[in-house]
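Written out below as structure tokens is the structure these notes cover.
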Amino acid sequence: MGALSVSSNMVEVSLIFGGMSPEHAASRESFSYVYDQLCTENCGVCISHVYYVDSDNYVSFYDFDRSWHSRDYMVSKNAVDYAAFAKHVLGANGYIVNLLHGNYGEDGHIQGLANIVGLRGTFGPVLPSSLAMSKIHMQCYVSGSQSTIKVPATLTLTDAKSCSAVAEIKNLFDGLKVVVKPNSLGASLFTERYTVSDIEISIIEDNLRAIFKYDERALIQELVEGQEYSIGCIRLDHKVVVLPAIRIDTKRGFFGHEEKHRIGSADEVLMEEDTVEILHMKRVSRDLFDELGFSHMCRFDYILTPSGDVYFLEANPIPGLMRNSILPKMLNGYGLSLADMILNFVSQDDMKVMRLSKVDYTID
């Protein structure tokens with residue numbers, strides 16, 4: 001572990017947050033924390049603009065004002081669509097730190113826009129973002145590429161199959177404990193554990209109906225009993241750096257929405273020493289980060305069972321950067337500030353090799 005040395009010159013960045021997503025509130029909280037951190041004296045980074053995306057996906061532009069609190073930017077004002085936003089940003093030629101969570105922010109949508117029009121920032125490639133946001137497809141990739149990692153037995157349901165959901169759930173999981181979750185939402189929204197029984201099946205159906213209001217797919221997974229760990233990776237100086245692991249302890253042995261967003265519901269313990277199992281999770285995380293081509297950061301979640309098996313849960317391509325979020329704790333354990341991380345992202349992106357996109361050839 002160690003701190004990164006950075007230039008003393010101030011680097012200007014802009015922040016984008018909010019978005020048309022169930023995770024709009026989480027994005028606002030991430031922005032508040034990052035904004036406060038970058039307003040710290042002598043951090044090496046200064047904010048030039050703030051872009052607030054409202055719940056209808058329209059963007060409001062604000063010049064940075066040091067006298068403003070973060071909440072002062074959370075108002076739609078002369079909002080424009082993304083086409084006008086892209087034109088404005090290209091004219092400003094600035095670097096944008098993407099704090100949009102969930103739908104449209106980390107699922108490949110804004111990544112595609114950024115790559116097509118040439119926006120500079122922490123958007124990253126489309127492929128890893130899209131894949132990571134679909135839990136079932138990421139799970140399929142991990143099970144095919146990592147022979148030493150297990151994935152929970154999973155039933156995928158769609159709204160069209162909801163009429164047969166009870167029969168399918170009972171057929172696979174009757175009498176067993178399961179976790180019900182959306183496929184593509186973050187923040188553990190609508191994520192809860194149940195026992196598949198006549199008593200609880202109606203509650204499961206209610207949860208599925210809630211999920212289908214926001215997501216095309218819902219997942220029913222076997223509940224894997226064990227200790228949850230989170231492994232964060234960032235790219236520094238064009239190399240993948242694995243941050244200190246965090247062990248997640250909860251009172252009810254489950255890390256759901258409540259535990260993630262209520263102080264005192266979970267203890268997130270920074271691991272000062274790596275066990276054999278943690279080293280295993282770190283190697284897998286590094287491989288996944290590199291193979292899929294994440295360009296900035298990603299957090300990977302696992303369950304370690306009492307028998308020593310490691311189960312992959314999910315990947316978070318834009319981890320929460322809220323005051324009490326896991327990634328800032330990892331960065332602190334590594335000796336790296338948010339500002340230093342952003343400075344490095346700007347530096348390495350400025351040196352990024354641009355691939356050719358045109359080849360002349362003849363078609364008969």
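By convention in this document, the chains of the structure tokens carry letters A, B, ... by their order, each chain's residues are numbered from 1, and ligands are numbered from 1 in the order they are shown.
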Out of stretch 210-271 of chain A, which residues get strand (DSSP E or B) from DSSP, as an mmCIF file with N, CA and C atoms, in the first residue's frame?
data_model
loop_
_atom_site.group_PDB
_atom_site.id
_atom_site.type_symbol
_atom_site.label_atom_id
_atom_site.label_comp_id
_atom_site.auth_asym_id
_atom_site.auth_seq_id
_atom_site.Cartn_x
_atom_site.Cartn_y
_atom_site.Cartn_z
ATOM 1 N N ARG A 217 -35.971 -8.003 -15.807
ATOM 2 C CA ARG A 217 -35.692 -9.327 -15.262
ATOM 3 C C ARG A 217 -35.573 -9.274 -13.747
ATOM 4 N N ALA A 218 -36.009 -10.342 -13.115
ATOM 5 C CA ALA A 218 -35.794 -10.540 -11.680
ATOM 6 C C ALA A 218 -35.073 -11.860 -11.494
ATOM 7 N N LEU A 219 -34.238 -11.932 -10.463
ATOM 8 C CA LEU A 219 -33.458 -13.140 -10.199
ATOM 9 C C LEU A 219 -33.890 -13.765 -8.884
ATOM 10 N N ILE A 220 -34.053 -15.078 -8.907
ATOM 11 C CA ILE A 220 -34.252 -15.854 -7.688
ATOM 12 C C ILE A 220 -32.996 -16.696 -7.516
ATOM 13 N N GLN A 221 -32.239 -16.429 -6.476
ATOM 14 C CA GLN A 221 -30.960 -17.118 -6.274
ATOM 15 C C GLN A 221 -30.973 -17.893 -4.960
ATOM 16 N N GLU A 222 -30.287 -19.031 -4.984
ATOM 17 C CA GLU A 222 -30.097 -19.740 -3.724
ATOM 18 C C GLU A 222 -29.358 -18.828 -2.756
ATOM 19 N N GLN A 227 -19.612 -15.402 4.710
ATOM 20 C CA GLN A 227 -19.122 -14.058 4.987
ATOM 21 C C GLN A 227 -18.979 -13.280 3.687
ATOM 22 N N GLU A 228 -19.560 -12.083 3.638
ATOM 23 C CA GLU A 228 -19.468 -11.280 2.425
ATOM 24 C C GLU A 228 -18.207 -10.423 2.452
ATOM 25 N N TYR A 229 -17.560 -10.334 1.272
ATOM 26 C CA TYR A 229 -16.381 -9.490 1.087
ATOM 27 C C TYR A 229 -16.569 -8.640 -0.160
ATOM 28 N N SER A 230 -15.928 -7.490 -0.153
ATOM 29 C CA SER A 230 -15.919 -6.627 -1.331
ATOM 30 C C SER A 230 -14.477 -6.322 -1.700
ATOM 31 N N ILE A 231 -14.187 -6.419 -3.001
ATOM 32 C CA ILE A 231 -12.833 -6.180 -3.523
ATOM 33 C C ILE A 231 -12.921 -5.059 -4.556
ATOM 34 N N GLY A 232 -12.183 -3.989 -4.338
ATOM 35 C CA GLY A 232 -12.187 -2.863 -5.268
ATOM 36 C C GLY A 232 -10.930 -2.829 -6.118
ATOM 37 N N CYS A 233 -11.119 -2.477 -7.389
ATOM 38 C CA CYS A 233 -9.987 -2.318 -8.301
ATOM 39 C C CYS A 233 -10.071 -0.954 -8.973
ATOM 40 N N ILE A 234 -8.926 -0.310 -9.128
ATOM 41 C CA ILE A 234 -8.846 0.928 -9.899
ATOM 42 C C ILE A 234 -7.634 0.827 -10.822
ATOM 43 N N ARG A 235 -7.647 1.630 -11.866
ATOM 44 C CA ARG A 235 -6.505 1.648 -12.783
ATOM 45 C C ARG A 235 -5.690 2.905 -12.506
ATOM 46 N N LEU A 236 -4.456 2.699 -12.063
ATOM 47 C CA LEU A 236 -3.539 3.793 -11.759
ATOM 48 C C LEU A 236 -2.282 3.643 -12.599
ATOM 49 N N LYS A 239 -2.050 0.654 -14.767
ATOM 50 C CA LYS A 239 -1.937 -0.673 -14.155
ATOM 51 C C LYS A 239 -3.126 -0.906 -13.229
ATOM 52 N N VAL A 240 -3.560 -2.164 -13.137
ATOM 53 C CA VAL A 240 -4.674 -2.489 -12.255
ATOM 54 C C VAL A 240 -4.163 -2.581 -10.819
ATOM 55 N N VAL A 241 -4.746 -1.794 -9.938
ATOM 56 C CA VAL A 241 -4.404 -1.814 -8.524
ATOM 57 C C VAL A 241 -5.590 -2.381 -7.759
ATOM 58 N N VAL A 242 -5.334 -3.411 -6.957
ATOM 59 C CA VAL A 242 -6.381 -3.995 -6.123
ATOM 60 C C VAL A 242 -6.287 -3.357 -4.740
ATOM 61 N N ILE A 246 -12.589 -5.429 1.981
ATOM 62 C CA ILE A 246 -13.471 -5.078 3.098
ATOM 63 C C ILE A 246 -14.381 -6.263 3.402
ATOM 64 N N ARG A 247 -14.444 -6.609 4.685
ATOM 65 C CA ARG A 247 -15.362 -7.651 5.163
ATOM 66 C C ARG A 247 -16.629 -6.969 5.659
ATOM 67 N N ILE A 248 -17.766 -7.511 5.266
ATOM 68 C CA ILE A 248 -19.048 -6.891 5.617
ATOM 69 C C ILE A 248 -19.754 -7.742 6.663
ATOM 70 N N ASP A 249 -19.927 -7.180 7.838
ATOM 71 C CA ASP A 249 -20.612 -7.858 8.943
ATOM 72 C C ASP A 249 -21.977 -7.204 9.159
ATOM 73 N N THR A 250 -23.031 -8.010 9.210
ATOM 74 C CA THR A 250 -24.365 -7.489 9.461
ATOM 75 C C THR A 250 -25.026 -8.281 10.573
ATOM 76 N N ALA A 266 -24.648 -2.174 9.378
ATOM 77 C CA ALA A 266 -23.572 -3.046 8.902
ATOM 78 C C ALA A 266 -22.228 -2.469 9.335
ATOM 79 N N ASP A 267 -21.297 -3.358 9.605
ATOM 80 C CA ASP A 267 -19.915 -2.968 9.878
ATOM 81 C C ASP A 267 -19.070 -3.368 8.678
ATOM 82 N N GLU A 268 -18.396 -2.384 8.097
ATOM 83 C CA GLU A 268 -17.530 -2.641 6.938
ATOM 84 C C GLU A 268 -16.088 -2.558 7.423
ATOM 85 N N VAL A 269 -15.474 -3.721 7.565
ATOM 86 C CA VAL A 269 -14.175 -3.842 8.224
ATOM 87 C C VAL A 269 -13.061 -3.931 7.185
ATOM 88 N N LEU A 270 -12.155 -2.952 7.217
ATOM 89 C CA LEU A 270 -11.010 -2.972 6.312
ATOM 90 C C LEU A 270 -10.039 -4.054 6.758
#
A:Glu272 environment, 12 Å, only C-alpha atoms, sequence neighbours closer than 3 positions dropped, as a ChimeraX atom specification: /A:1,243-247,269,275,278,330,333-334
Kindly provide the residues of stretch 149-259 of chain A that approach stretch 307-320 of chain A to within 8 Å, each paired with its closest atom pair and their distance in Å to one decimal, based on only C-alpha atoms, listed by chain and increasing number, as a tab-separated table.
residue	atom	partner	partner_atom	distance
A:Ile149	CA	A:Val310	CA	5.6
A:Lys150	CA	A:Tyr311	CA	4.6
A:Val151	CA	A:Tyr311	CA	5.1
A:Pro152	CA	A:Tyr311	CA	6.8
A:Val224	CA	A:Tyr311	CA	7.9
Filtering to N, CA, C and O atoms, could you give me those residues as a PDB file, in the first residue's frame?
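What landed in out36.pdb:
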ATOM      1  N   ILE A 149     -14.107 -20.155  -9.092  1.00  0.00           N
ATOM      2  CA  ILE A 149     -15.158 -19.358  -8.452  1.00  0.00           C
ATOM      3  C   ILE A 149     -16.512 -19.978  -8.757  1.00  0.00           C
ATOM      4  O   ILE A 149     -16.779 -20.399  -9.882  1.00  0.00           O
ATOM      5  N   LYS A 150     -17.379 -20.011  -7.762  1.00  0.00           N
ATOM      6  CA  LYS A 150     -18.733 -20.509  -7.968  1.00  0.00           C
ATOM      7  C   LYS A 150     -19.709 -19.341  -8.081  1.00  0.00           C
ATOM      8  O   LYS A 150     -19.399 -18.212  -7.706  1.00  0.00           O
ATOM      9  N   VAL A 151     -20.890 -19.638  -8.628  1.00  0.00           N
ATOM     10  CA  VAL A 151     -21.968 -18.647  -8.673  1.00  0.00           C
ATOM     11  C   VAL A 151     -23.219 -19.302  -8.110  1.00  0.00           C
ATOM     12  O   VAL A 151     -23.402 -20.520  -8.211  1.00  0.00           O
ATOM     13  N   PRO A 152     -24.101 -18.541  -7.479  1.00  0.00           N
ATOM     14  CA  PRO A 152     -25.305 -19.129  -6.900  1.00  0.00           C
ATOM     15  C   PRO A 152     -26.229 -19.703  -7.972  1.00  0.00           C
ATOM     16  O   PRO A 152     -26.305 -19.167  -9.085  1.00  0.00           O
ATOM     17  N   VAL A 224     -26.643 -18.185  -0.378  1.00  0.00           N
ATOM     18  CA  VAL A 224     -25.354 -18.760  -0.026  1.00  0.00           C
ATOM     19  C   VAL A 224     -24.971 -18.218   1.352  1.00  0.00           C
ATOM     20  O   VAL A 224     -24.761 -17.020   1.525  1.00  0.00           O
TER      21      VAL A 224
END
Would you list the contacts of A:Thr158 as number ranges by chain, taking every protein, DNA or RNA residue within 10 Å and counting only C-alpha atoms, but skipping same-chain residues closer than 3 positions in sequence? A: 161-163, 165, 183, 208, 211-212, 215-219
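Each of A:Asn9, A:Ser164, A:Ser32, A:Ser129 was compared to A:Gln111 using only C-alpha atoms, and A:Ser129 turns out to be the nearest.
Minimum atom-to-atom distances from A:Val45, A:Leu288, A:Met271, A:Ile363 to A:Val346 were compared using only C-alpha atoms, and the lowest value belongs to A:Val45.
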I need the residues of stretch 3-42 of chain A that end up classed as alpha helix (DSSP H) by DSSP on the backbone, written out as a list in words. His24, Ala25, Ala26, Ser27, Arg28, Glu29, Ser30, Phe31, Ser32, Tyr33, Val34, Tyr35, Asp36, Gln37 and Leu38 of chain A
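Closest approach to A:His238 among A:Val196, A:Met138, A:Met351, A:Val276: A:Met351, based on only C-alpha atoms.
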Separation of atom CA of A:Tyr33 from atom CA of A:Ser67 in Å: 15.9 Å
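One finds atom CA of A:Cys298 at 12.4 Å from atom CA of A:Leu331.
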